[in-house]
file entry_16.tsv (TSV, C-alpha atoms)
chain	number	residue	atom	x	y	z
A	1	MET	CA	32.97	15.03	12.79
A	2	SER	CA	31.79	16.34	16.15
A	3	THR	CA	30.90	19.66	14.49
A	4	PHE	CA	28.76	17.84	11.94
A	5	VAL	CA	27.00	15.80	14.63
A	6	LYS	CA	26.36	18.96	16.63
A	7	PHE	CA	24.92	20.66	13.56
A	8	ILE	CA	22.58	17.69	13.00
A	9	GLU	CA	21.47	17.72	16.61
A	10	THR	CA	20.95	21.48	16.65
A	11	ASN	CA	18.82	21.53	13.49
A	12	ILE	CA	16.95	18.26	13.91
A	13	LEU	CA	13.54	19.98	13.73
A	14	TYR	CA	14.26	21.55	10.35
A	15	GLU	CA	15.77	18.31	9.06
A	16	ILE	CA	12.58	16.45	9.97
A	17	LEU	CA	10.53	19.12	8.17
A	18	ILE	CA	12.75	18.92	5.07
A	19	VAL	CA	12.36	15.13	4.86
A	20	SER	CA	8.62	15.42	5.47
A	21	TRP	CA	8.17	18.02	2.74
A	22	LEU	CA	10.36	16.09	0.29
A	23	LEU	CA	8.14	13.03	0.75
A	24	PHE	CA	5.07	15.24	0.41
A	25	PHE	CA	6.28	16.80	-2.84
A	26	TRP	CA	7.08	13.37	-4.26
A	27	LYS	CA	3.57	12.06	-3.56
A	28	PHE	CA	2.05	15.35	-4.70
A	29	TYR	CA	3.99	15.10	-7.97
A	30	LEU	CA	2.63	11.59	-8.52
A	31	SER	CA	-0.88	12.82	-7.79
A	32	LEU	CA	-0.50	15.66	-10.30
A	33	ARG	CA	0.59	13.15	-12.93
A	34	GLN	CA	-2.57	11.13	-12.34
A	35	ARG	CA	-4.72	14.29	-12.38
A	36	SER	CA	-3.13	15.32	-15.68
A	37	LEU	CA	-3.91	11.92	-17.17
A	38	ILE	CA	-7.56	12.09	-16.09
A	39	ILE	CA	-7.99	15.62	-17.47
A	40	ARG	CA	-6.35	14.66	-20.76
A	41	LEU	CA	-8.50	11.58	-21.43
A	42	VAL	CA	-11.85	13.23	-22.07
A	43	GLU	CA	-13.05	10.83	-24.76
A	44	LEU	CA	-13.60	7.13	-24.09
A	45	PRO	CA	-10.13	5.54	-24.56
A	46	LYS	CA	-9.87	2.56	-26.88
A	47	ASP	CA	-8.44	0.48	-24.02
A	48	VAL	CA	-11.75	0.59	-22.15
A	49	GLU	CA	-14.12	0.34	-25.11
A	50	GLY	CA	-16.39	-2.61	-24.51
A	51	LEU	CA	-15.76	-2.49	-20.77
A	52	MET	CA	-17.95	0.52	-20.03
A	53	THR	CA	-20.16	2.95	-21.89
A	54	LYS	CA	-19.23	6.57	-22.50
A	55	ASP	CA	-21.77	7.61	-19.86
A	56	VAL	CA	-20.25	5.36	-17.18
A	57	TYR	CA	-16.74	6.44	-18.18
A	58	ASP	CA	-17.69	10.12	-17.86
A	59	LYS	CA	-19.10	9.48	-14.38
A	60	ALA	CA	-16.01	7.50	-13.31
A	61	ARG	CA	-13.74	10.21	-14.72
A	62	ALA	CA	-15.62	12.99	-12.89
A	63	TYR	CA	-15.52	10.99	-9.64
A	64	ALA	CA	-11.80	10.26	-10.00
A	65	LEU	CA	-11.05	13.92	-10.72
A	66	ASP	CA	-13.03	15.11	-7.71
A	67	LYS	CA	-11.27	12.57	-5.49
A	68	VAL	CA	-7.78	13.45	-6.66
A	69	ASN	CA	-8.48	17.19	-6.26
A	70	PHE	CA	-9.85	16.66	-2.76
A	71	ASN	CA	-6.97	14.37	-1.79
A	72	ASN	CA	-4.47	16.95	-3.02
A	73	PHE	CA	-6.09	19.63	-0.88
A	74	MET	CA	-6.25	17.27	2.10
A	75	ASP	CA	-2.56	16.36	1.73
A	76	VAL	CA	-1.53	20.03	1.59
A	77	TYR	CA	-3.74	20.82	4.59
A	78	SER	CA	-2.32	17.92	6.63
A	79	GLU	CA	1.28	18.79	5.78
A	80	LEU	CA	0.74	22.43	6.72
A	81	CYS	CA	-0.86	21.39	10.02
A	82	THR	CA	2.10	19.15	10.80
A	83	THR	CA	4.54	21.93	9.95
A	84	VAL	CA	2.73	24.47	12.12
A	85	PHE	CA	2.53	21.96	14.98
A	86	LEU	CA	6.29	21.37	14.84
A	87	LEU	CA	7.38	24.98	14.38
A	88	THR	CA	5.14	26.30	17.17
A	89	LEU	CA	6.06	23.42	19.50
A	90	CYS	CA	2.42	22.35	19.78
A	91	TYR	CA	3.35	18.87	20.93
A	92	ARG	CA	5.20	20.42	23.89
A	93	ARG	CA	2.08	22.42	24.66
A	94	PHE	CA	0.00	19.22	24.56
A	95	TRP	CA	2.43	17.63	27.01
A	96	LEU	CA	2.11	20.62	29.37
A	97	TRP	CA	-1.67	20.40	29.08
A	98	SER	CA	-1.50	16.73	30.05
A	99	ILE	CA	0.48	17.67	33.17
A	100	ASN	CA	-2.24	20.16	34.11
A	101	VAL	CA	-4.95	17.54	33.55
A	102	VAL	CA	-3.11	14.95	35.66
A	103	ASN	CA	-2.58	17.48	38.47
A	104	TYR	CA	-6.23	18.55	38.32
A	105	PHE	CA	-7.38	14.99	39.02
A	106	GLY	CA	-4.77	14.52	41.75
A	107	PHE	CA	-2.51	11.98	40.03
A	108	ASP	CA	1.28	11.83	39.95
A	109	ASP	CA	2.57	14.25	37.29
A	110	LYS	CA	5.91	12.39	37.24
A	111	ASN	CA	4.31	9.26	35.84
A	112	GLU	CA	5.49	9.35	32.24
A	113	ILE	CA	3.17	6.53	31.12
A	114	LEU	CA	0.10	8.34	32.45
A	115	LEU	CA	1.23	11.66	30.99
A	116	SER	CA	1.80	10.01	27.59
A	117	ALA	CA	-1.69	8.49	27.64
A	118	VAL	CA	-3.32	11.83	28.45
A	119	SER	CA	-1.16	13.65	25.91
A	120	MET	CA	-2.08	11.14	23.18
A	121	PHE	CA	-5.75	11.58	24.06
A	122	ILE	CA	-5.42	15.37	23.69
A	123	ILE	CA	-3.52	15.06	20.40
A	124	ASN	CA	-6.18	12.74	18.97
A	125	ILE	CA	-8.96	15.17	19.92
A	126	VAL	CA	-7.14	18.10	18.30
A	127	TYR	CA	-6.35	16.04	15.21
A	128	ASP	CA	-9.97	14.91	14.82
A	129	VAL	CA	-11.33	18.43	15.26
A	130	LEU	CA	-8.91	19.81	12.65
A	131	HIS	CA	-9.77	17.09	10.15
A	132	LEU	CA	-13.51	16.97	10.85
A	133	PRO	CA	-14.35	19.57	8.15
A	134	LEU	CA	-12.45	17.47	5.59
A	135	ASP	CA	-14.27	14.33	6.68
A	136	ILE	CA	-17.61	16.12	6.36
A	137	TYR	CA	-16.72	17.47	2.93
A	138	SER	CA	-15.56	14.06	1.71
A	139	THR	CA	-18.73	12.34	2.92
A	140	PHE	CA	-21.45	14.89	2.18
A	141	ILE	CA	-19.97	16.66	-0.85
A	142	VAL	CA	-17.66	14.34	-2.81
A	143	GLU	CA	-19.31	10.99	-2.04
A	144	GLN	CA	-22.80	12.49	-2.00
A	145	LYS	CA	-22.30	14.19	-5.36
A	146	HIS	CA	-21.50	10.87	-7.04
A	147	GLY	CA	-24.24	8.85	-5.34
A	148	PHE	CA	-22.15	6.80	-2.90
A	149	ASN	CA	-22.89	8.35	0.48
A	150	LYS	CA	-25.77	6.81	2.43
A	151	GLU	CA	-24.97	8.38	5.81
A	152	THR	CA	-27.32	10.86	7.46
A	153	PRO	CA	-25.85	13.68	9.58
A	154	LEU	CA	-27.02	11.92	12.76
A	155	PHE	CA	-25.50	8.60	11.67
A	156	PHE	CA	-22.27	10.41	10.76
A	157	VAL	CA	-21.99	11.96	14.25
A	158	LYS	CA	-22.73	8.69	16.06
A	159	ASP	CA	-20.33	6.75	13.83
A	160	ARG	CA	-17.44	9.17	14.34
A	161	LEU	CA	-17.96	9.29	18.10
A	162	LEU	CA	-17.96	5.50	18.27
A	163	LYS	CA	-14.80	5.33	16.15
A	164	PHE	CA	-13.10	7.80	18.47
A	165	ILE	CA	-14.04	5.82	21.59
A	166	VAL	CA	-12.97	2.48	20.12
A	167	ARG	CA	-9.71	3.94	18.86
A	168	GLU	CA	-8.83	5.41	22.25
A	169	ILE	CA	-9.64	2.14	24.03
A	170	ILE	CA	-7.15	0.38	21.76
A	171	VAL	CA	-4.45	3.00	21.11
A	172	VAL	CA	-3.94	4.40	24.61
A	173	PRO	CA	-3.18	1.03	26.31
A	174	LEU	CA	-0.89	0.11	23.41
A	175	LEU	CA	1.01	3.37	23.83
A	176	CYS	CA	1.34	2.81	27.58
A	177	THR	CA	2.73	-0.68	26.98
A	178	VAL	CA	5.21	0.63	24.40
A	179	ILE	CA	6.52	3.24	26.86
A	180	TRP	CA	6.73	0.67	29.65
A	181	ILE	CA	8.81	-1.62	27.42
A	182	ILE	CA	11.14	1.26	26.50
A	183	GLU	CA	11.57	2.21	30.15
A	184	ASN	CA	12.11	-1.33	31.44
A	185	GLY	CA	13.51	-3.23	28.47
A	186	GLY	CA	17.14	-2.38	29.10
A	187	ASP	CA	19.67	-2.58	26.28
A	188	TYR	CA	17.42	-4.87	24.22
A	189	PHE	CA	14.23	-2.84	24.54
A	190	PHE	CA	14.05	-2.49	20.76
A	191	PHE	CA	13.85	-6.26	20.32
A	192	TYR	CA	11.13	-6.64	22.97
A	193	LEU	CA	9.27	-3.73	21.41
A	194	TRP	CA	9.43	-5.33	17.96
A	195	ILE	CA	8.08	-8.63	19.34
A	196	PHE	CA	5.28	-6.82	21.17
A	197	LEU	CA	4.24	-4.85	18.08
A	198	ILE	CA	4.07	-8.03	16.01
A	199	PHE	CA	1.80	-9.72	18.57
A	200	ALA	CA	-0.23	-6.54	18.99
A	201	SER	CA	-0.78	-6.38	15.23
A	202	LEU	CA	-1.87	-10.04	15.18
A	203	PHE	CA	-4.19	-9.43	18.13
A	204	ILE	CA	-5.86	-6.50	16.39
A	205	MET	CA	-6.19	-8.55	13.19
A	206	ILE	CA	-8.05	-11.19	15.22
A	207	LEU	CA	-10.05	-8.69	17.26
A	208	TYR	CA	-11.22	-6.40	14.46
A	209	PRO	CA	-13.50	-8.64	12.35
A	210	GLY	CA	-15.11	-10.47	15.25
A	211	VAL	CA	-15.41	-7.73	17.87
A	212	ILE	CA	-14.75	-4.25	16.48
A	213	ALA	CA	-16.38	-4.37	13.03
A	214	PRO	CA	-19.79	-5.58	14.39
A	215	LEU	CA	-19.91	-2.44	16.55
A	216	PHE	CA	-20.28	-0.38	13.37
A	217	ASP	CA	-22.26	-2.66	11.04
A	218	LYS	CA	-24.77	-5.47	11.39
A	219	TYR	CA	-23.46	-8.91	10.39
A	220	THR	CA	-26.26	-11.33	9.51
A	221	PRO	CA	-25.79	-15.01	8.57
A	222	LEU	CA	-26.37	-15.44	4.85
A	223	PRO	CA	-29.84	-17.01	4.39
A	224	ASN	CA	-30.17	-20.45	2.84
A	225	GLY	CA	-30.39	-20.33	-0.92
A	226	ASP	CA	-28.55	-20.81	-4.18
A	227	LEU	CA	-25.77	-18.34	-3.30
A	228	LYS	CA	-25.02	-19.93	0.08
A	229	THR	CA	-25.08	-23.45	-1.36
A	230	LYS	CA	-22.64	-22.55	-4.13
A	231	ILE	CA	-20.29	-20.69	-1.77
A	232	GLU	CA	-20.19	-23.71	0.54
A	233	ALA	CA	-19.51	-25.99	-2.44
A	234	LEU	CA	-16.72	-23.71	-3.65
A	235	ALA	CA	-15.11	-23.70	-0.19
A	236	ALA	CA	-15.42	-27.49	0.12
A	237	SER	CA	-13.82	-28.01	-3.31
A	238	ILE	CA	-10.51	-26.58	-2.03
A	239	ASN	CA	-10.85	-27.75	1.60
A	240	TYR	CA	-11.39	-24.26	2.96
A	241	PRO	CA	-12.67	-24.74	6.56
A	242	LEU	CA	-15.70	-22.48	6.20
A	243	TYR	CA	-17.51	-21.85	9.49
A	244	LYS	CA	-20.00	-19.09	8.68
A	245	ILE	CA	-21.03	-16.75	5.88
A	246	PHE	CA	-22.19	-13.24	6.74
A	247	ILE	CA	-23.90	-10.46	4.82
A	248	VAL	CA	-23.13	-7.01	6.26
A	249	ASP	CA	-25.40	-3.99	5.87
A	250	SER	CA	-22.71	-1.65	4.54
A	251	SER	CA	-25.35	0.07	2.39
A	252	LYS	CA	-26.35	2.22	5.36
A	253	ARG	CA	-23.09	4.18	5.02
A	254	SER	CA	-21.98	3.77	1.40
A	255	SER	CA	-22.81	2.02	-1.86
A	256	HIS	CA	-19.20	0.89	-2.34
A	257	SER	CA	-18.89	-2.90	-2.33
A	258	ASN	CA	-16.45	-5.49	-1.04
A	259	ALA	CA	-15.96	-9.04	0.25
A	260	TYR	CA	-13.35	-10.55	2.54
A	261	LEU	CA	-12.34	-13.63	4.53
A	262	TYR	CA	-11.20	-13.84	8.13
A	263	GLY	CA	-10.72	-16.29	10.95
A	264	PHE	CA	-8.16	-18.81	12.16
A	265	HIS	CA	-7.82	-22.57	11.96
A	266	LYS	CA	-11.25	-24.23	11.56
A	267	TYR	CA	-13.29	-21.08	12.16
A	268	LYS	CA	-13.04	-19.29	8.83
A	269	ARG	CA	-15.71	-16.77	7.89
A	270	ILE	CA	-16.71	-15.14	4.64
A	271	VAL	CA	-18.21	-11.63	4.69
A	272	LEU	CA	-20.16	-10.14	1.78
A	273	PHE	CA	-21.19	-6.49	1.62
A	274	ASP	CA	-24.89	-6.25	0.77
A	275	THR	CA	-23.90	-3.78	-1.95
A	276	LEU	CA	-21.89	-6.54	-3.66
A	277	VAL	CA	-24.77	-9.02	-4.10
A	278	LYS	CA	-27.41	-7.98	-6.58
A	279	GLU	CA	-30.31	-9.62	-4.73
A	280	TYR	CA	-29.41	-7.77	-1.50
A	281	TYR	CA	-28.50	-4.40	-3.03
A	282	LYS	CA	-30.76	-1.58	-1.81
A	283	PRO	CA	-30.96	1.07	-4.57
A	284	THR	CA	-31.69	4.68	-3.73
A	285	GLU	CA	-34.57	6.61	-5.26
A	286	ASN	CA	-32.21	8.24	-7.77
A	287	GLU	CA	-30.67	4.99	-9.01
A	288	THR	CA	-32.20	3.72	-12.21
A	289	GLU	CA	-29.64	1.02	-13.06
A	290	ALA	CA	-29.36	-2.17	-10.99
A	291	LYS	CA	-26.02	-2.67	-9.29
A	292	GLY	CA	-24.32	-5.59	-7.64
A	293	CYS	CA	-23.06	-8.92	-8.94
A	294	GLU	CA	-24.86	-12.07	-10.02
A	295	THR	CA	-24.22	-15.35	-8.19
A	296	ASP	CA	-21.51	-16.58	-10.56
A	297	GLU	CA	-19.73	-13.20	-10.32
A	298	VAL	CA	-19.86	-13.27	-6.52
A	299	LEU	CA	-18.38	-16.77	-6.64
A	300	ALA	CA	-15.62	-15.54	-8.94
A	301	ILE	CA	-14.75	-12.75	-6.50
A	302	LEU	CA	-14.67	-15.24	-3.62
A	303	ALA	CA	-12.55	-17.62	-5.70
A	304	HIS	CA	-10.08	-14.77	-5.98
A	305	GLU	CA	-10.20	-14.14	-2.21
A	306	LEU	CA	-9.76	-17.86	-1.59
A	307	GLY	CA	-6.68	-17.69	-3.76
A	308	HIS	CA	-5.20	-15.34	-1.16
A	309	TRP	CA	-5.93	-17.95	1.52
A	310	LYS	CA	-4.62	-20.83	-0.60
A	311	TYR	CA	-1.27	-19.14	-1.09
A	312	SER	CA	-1.09	-17.71	2.48
A	313	HIS	CA	-0.93	-14.16	1.15
A	314	THR	CA	-2.21	-12.61	4.41
A	315	LEU	CA	0.59	-14.14	6.45
A	316	LYS	CA	3.17	-13.39	3.78
A	317	GLY	CA	1.88	-9.84	3.43
A	318	PHE	CA	2.04	-9.33	7.19
A	319	MET	CA	5.65	-10.45	7.34
A	320	LEU	CA	6.57	-8.48	4.27
A	321	GLY	CA	4.87	-5.46	5.82
A	322	GLN	CA	7.92	-5.22	8.05
A	323	LEU	CA	9.92	-4.38	4.93
A	324	LEU	CA	9.81	-1.40	2.62
A	325	GLN	CA	6.50	-0.17	1.18
A	326	PHE	CA	7.58	-0.42	-2.43
A	327	ILE	CA	8.52	-4.10	-2.08
A	328	THR	CA	5.14	-4.81	-0.50
A	329	VAL	CA	3.35	-3.05	-3.36
A	330	VAL	CA	5.24	-4.98	-6.03
A	331	LEU	CA	4.62	-8.35	-4.40
A	332	GLY	CA	1.02	-7.39	-3.61
A	333	ARG	CA	0.39	-6.87	-7.31
A	334	LYS	CA	1.98	-10.26	-8.01
A	335	TYR	CA	-0.35	-11.86	-5.48
A	336	GLU	CA	-3.39	-10.31	-7.15
A	337	PHE	CA	-2.41	-11.84	-10.49
A	338	GLU	CA	-1.79	-15.16	-8.75
A	339	ALA	CA	-5.20	-15.09	-7.05
A	340	ASP	CA	-6.86	-14.22	-10.37
A	341	ARG	CA	-5.12	-17.19	-11.97
A	342	PHE	CA	-6.35	-19.45	-9.16
A	343	ALA	CA	-9.93	-18.27	-9.69
A	344	LYS	CA	-9.58	-19.10	-13.38
A	345	THR	CA	-8.27	-22.59	-12.66
A	346	LEU	CA	-11.52	-23.19	-10.75
A	347	GLY	CA	-13.45	-22.28	-13.89
A	348	HIS	CA	-14.42	-18.72	-12.94
A	349	GLY	CA	-12.28	-16.79	-15.42
A	350	GLU	CA	-15.07	-15.24	-17.50
A	351	ALA	CA	-17.24	-14.50	-14.46
A	352	LEU	CA	-14.27	-12.93	-12.70
A	353	LYS	CA	-13.70	-10.59	-15.65
A	354	SER	CA	-17.35	-9.56	-15.77
A	355	SER	CA	-17.45	-9.07	-11.98
A	356	LEU	CA	-14.33	-6.87	-12.03
A	357	ILE	CA	-15.82	-4.76	-14.80
A	358	LYS	CA	-19.15	-4.52	-12.99
A	359	LEU	CA	-17.54	-3.54	-9.69
A	360	HIS	CA	-15.56	-0.81	-11.46
A	361	LYS	CA	-18.77	0.49	-13.04
A	362	ASP	CA	-20.80	0.31	-9.81
A	363	ASN	CA	-18.07	2.08	-7.82
A	364	LEU	CA	-17.22	4.52	-10.64
A	365	SER	CA	-13.59	3.42	-10.40
A	366	TYR	CA	-11.49	5.23	-12.98
A	367	PRO	CA	-9.80	2.54	-15.15
A	368	LEU	CA	-6.64	4.33	-16.30
A	369	PHE	CA	-3.62	5.41	-14.27
A	370	ASP	CA	-0.27	7.00	-14.78
A	371	LYS	CA	2.31	4.17	-14.55
A	372	LEU	CA	4.55	5.85	-11.98
A	373	TYR	CA	1.58	6.93	-9.86
A	374	SER	CA	0.12	3.42	-9.93
A	375	SER	CA	3.40	1.67	-9.10
A	376	TRP	CA	3.76	3.78	-5.95
A	377	HIS	CA	0.16	3.85	-4.68
A	378	HIS	CA	-1.50	0.64	-5.86
A	379	ASN	CA	-0.92	-2.83	-4.46
A	380	HIS	CA	-3.65	-4.06	-6.83
A	381	PRO	CA	-2.97	-4.08	-10.58
A	382	GLU	CA	-5.15	-1.88	-12.75
A	383	LEU	CA	-8.33	-3.32	-14.22
A	384	LEU	CA	-6.93	-3.50	-17.75
A	385	GLU	CA	-3.80	-5.27	-16.52
A	386	ARG	CA	-5.86	-7.87	-14.69
A	387	LEU	CA	-8.16	-8.47	-17.64
A	388	GLU	CA	-5.19	-8.85	-19.97
A	389	ALA	CA	-3.50	-11.30	-17.61
A	390	ILE	CA	-6.66	-13.40	-17.26
A	391	ASN	CA	-7.03	-13.54	-21.03
A	392	LYS	CA	-3.41	-14.65	-21.44
A	393	GLU	CA	-3.57	-17.46	-18.92
A	394	ASP	CA	-3.91	-20.95	-20.43

call {"tool": "encode", "arguments": {"input": "entry_16.tsv", "output": "structure tokens"}}
result
Amino acid sequence: MSTFVKFIETNILYEILIVSWLLFFWKFYLSLRQRSLIIRLVELPKDVEGLMTKDVYDKARAYALDKVNFNNFMDVYSELCTTVFLLTLCYRRFWLWSINVVNYFGFDDKNEILLSAVSMFIINIVYDVLHLPLDIYSTFIVEQKHGFNKETPLFFVKDRLLKFIVREIIVVPLLCTVIWIIENGGDYFFFYLWIFLIFASLFIMILYPGVIAPLFDKYTPLPNGDLKTKIEALAASINYPLYKIFIVDSSKRSSHSNAYLYGFHKYKRIVLFDTLVKEYYKPTENETEAKGCETDEVLAILAHELGHWKYSHTLKGFMLGQLLQFITVVLGRKYEFEADRFAKTLGHGEALKSSLIKLHKDNLSYPLFDKLYSSWHHNHPELLERLEAINKED
């Protein structure tokens, strides 16, 4: 037994690499299955006839194929970088660099918390530099090609710098606290660490929408009008303690659309992307077809989101997030069906279907997926599954 343990300890680096590559090949295999499905379905499948035209399907298919090809390349690139880092002991080099930096500024090079903070800062810089070309390609080639990118090069640079600064302000103190708990927590450090991470996650969930997100996008109170009146009426009908409704100018970076809820107790907010609402959508010069949802479709989407609040899915999802990923995905899909059903009980079934179809068209979301690929990657059911479930509900 001691020989086996010694063998494990001696070869731990290669064992980590084997596990990492096994997980990579599994996800890569799933991705290849999805790519094969997209390539195979050239003609408009019968399942999506009536949901989108052949022209929209061709655009969605081309976009999906470009994304899956790029993601495959990015996954290979990232895995190779990780492998090289481990085999060449790069993380040890980063630690030695952090010692040099600490000594240069006259601090104590025996302070493990300080060294860890500096080392993490160095690692993040190296990681961002290595992945910057991929980020540029994704934004200005893939997204630009299919009409979604709205970022200028200057905006891109400012946005990435701001993200880096905000990330370091959050991550470095968290890392220092984690190390302090490990050093001072005694035999039960793991329990204290688990409690801290739960509260840290909750804190970030509270901090992000109200403090961090407004650093990147402008949140404006939704003007008085038919949409605001109907949203307030919808919230009141189910006793949702709505505090404010915001419209966010996400169109300055992308034409993808979304909506979400946030807030605690009596201070609930609703946020709508301007790309979601037809009257606020800002089309580019090359766009000939109007995008965005009508008022009843926006209400249907919010009815769905309110279904998540009604059934406490955020809290449940957070707790379940401590468990295995696959279980979370399965239950997440169940929650989506449940929220759809709730929206239908409020009388928004037909509008919800049309809004889902419209959002898929506007975002060129490919409607068909390999079953195994989808079950692993998607916590939302596919469009056709959701439409079928809405139609079956009494």

call {"tool": "closest_residue", "arguments": {"input": "entry_16.tsv", "among": "A:Ile39, A:Leu352, A:Ala389, A:Ile301", "to": "Glu338 in chain A", "atoms": "all atoms listed in the file"}}
result
A:Ala389

call {"tool": "closest_residue", "arguments": {"input": "entry_16.tsv", "among": "A:Thr88, A:Asn224, A:Thr53, A:Asn69", "to": "Leu13 in chain A", "atoms": "only C-alpha atoms"}}
result
A:Thr88

call {"tool": "axis_aligned_box", "arguments": {"input": "entry_16.tsv", "around": "range 58-62 of chain A", "padding_each_side": "8 Å", "output": "JSON"}}
result
{"center_x": -16.4, "center_y": 10.2, "center_z": -15.4, "size_x": 21.4, "size_y": 21.5, "size_z": 21.0}

call {"tool": "closest_residue", "arguments": {"input": "entry_16.tsv", "among": "A:Ala60, A:Val211, A:Leu80, A:Leu32", "to": "Ser20 in chain A", "atoms": "only C-alpha atoms"}}
result
A:Leu80

call {"tool": "closest_residue", "arguments": {"input": "entry_16.tsv", "among": "A:Cys176, A:Ile357, A:Leu272, A:Leu215", "to": "Leu162 in chain A", "atoms": "all atoms listed in the file"}}
result
A:Leu215

call {"tool": "closest_residue", "arguments": {"input": "entry_16.tsv", "among": "A:Phe318, A:Ile12, A:Thr345, A:Asn363", "to": "Leu276 in chain A", "atoms": "only C-alpha atoms"}}
result
A:Asn363

call {"tool": "closest_residue", "arguments": {"input": "entry_16.tsv", "among": "A:Tyr366, A:Tyr63, A:Trp97, A:Tyr240", "to": "Leu51 in chain A", "atoms": "all atoms listed in the file"}}
result
A:Tyr366

call {"tool": "atom_distance", "arguments": {"input": "entry_16.tsv", "atom1": "CA of Cys293 in chain A", "atom2": "CA of Lys358 in chain A"}}
result
7.1 Å

call {"tool": "residues_near_point", "arguments": {"input": "entry_16.tsv", "point": "(-11.5, -0.7, -25.4)", "cutoff": "12 Å", "atoms": "all atoms listed in the file", "output": "PyMOL selection string"}}
result
chain A and resi 43-54+57+367-368+383-384+387-388

call {"tool": "residues_near_point", "arguments": {"input": "entry_16.tsv", "point": "(-7.7, 18.5, 9.4)", "cutoff": "12 Å", "atoms": "all atoms listed in the file", "output": "JSON, numbers by chain"}}
result
{"A": [71, 73, 74, 75, 76, 77, 78, 79, 80, 81, 82, 124, 125, 126, 127, 128, 129, 130, 131, 132, 133, 134, 135, 136, 137, 138]}

call {"tool": "residues_around", "arguments": {"input": "entry_16.tsv", "residues": "Ala117 in chain A", "least_positions_apart": "6", "cutoff": "9 Å", "atoms": "only C-alpha atoms", "output": "list in words"}}
result
Ser98, Val171, Val172, Pro173, Leu175 and Cys176 of chain A

call {"tool": "residues_around", "arguments": {"input": "entry_16.tsv", "residues": "Gln34 in chain A", "least_positions_apart": "2", "cutoff": "12 Å", "atoms": "only C-alpha atoms", "output": "NGL selection string"}}
result
:A and (27-32 or 36-41 or 61 or 64-65 or 67-69 or 71-72 or 366-377)

call {"tool": "atom_distance", "arguments": {"input": "entry_16.tsv", "atom1": "CA of Arg386 in chain A", "atom2": "CA of Arg35 in chain A"}}
result
22.3 Å

call {"tool": "atom_distance", "arguments": {"input": "entry_16.tsv", "atom1": "CA of Lys150 in chain A", "atom2": "CA of Val277 in chain A"}}
result
17.2 Å
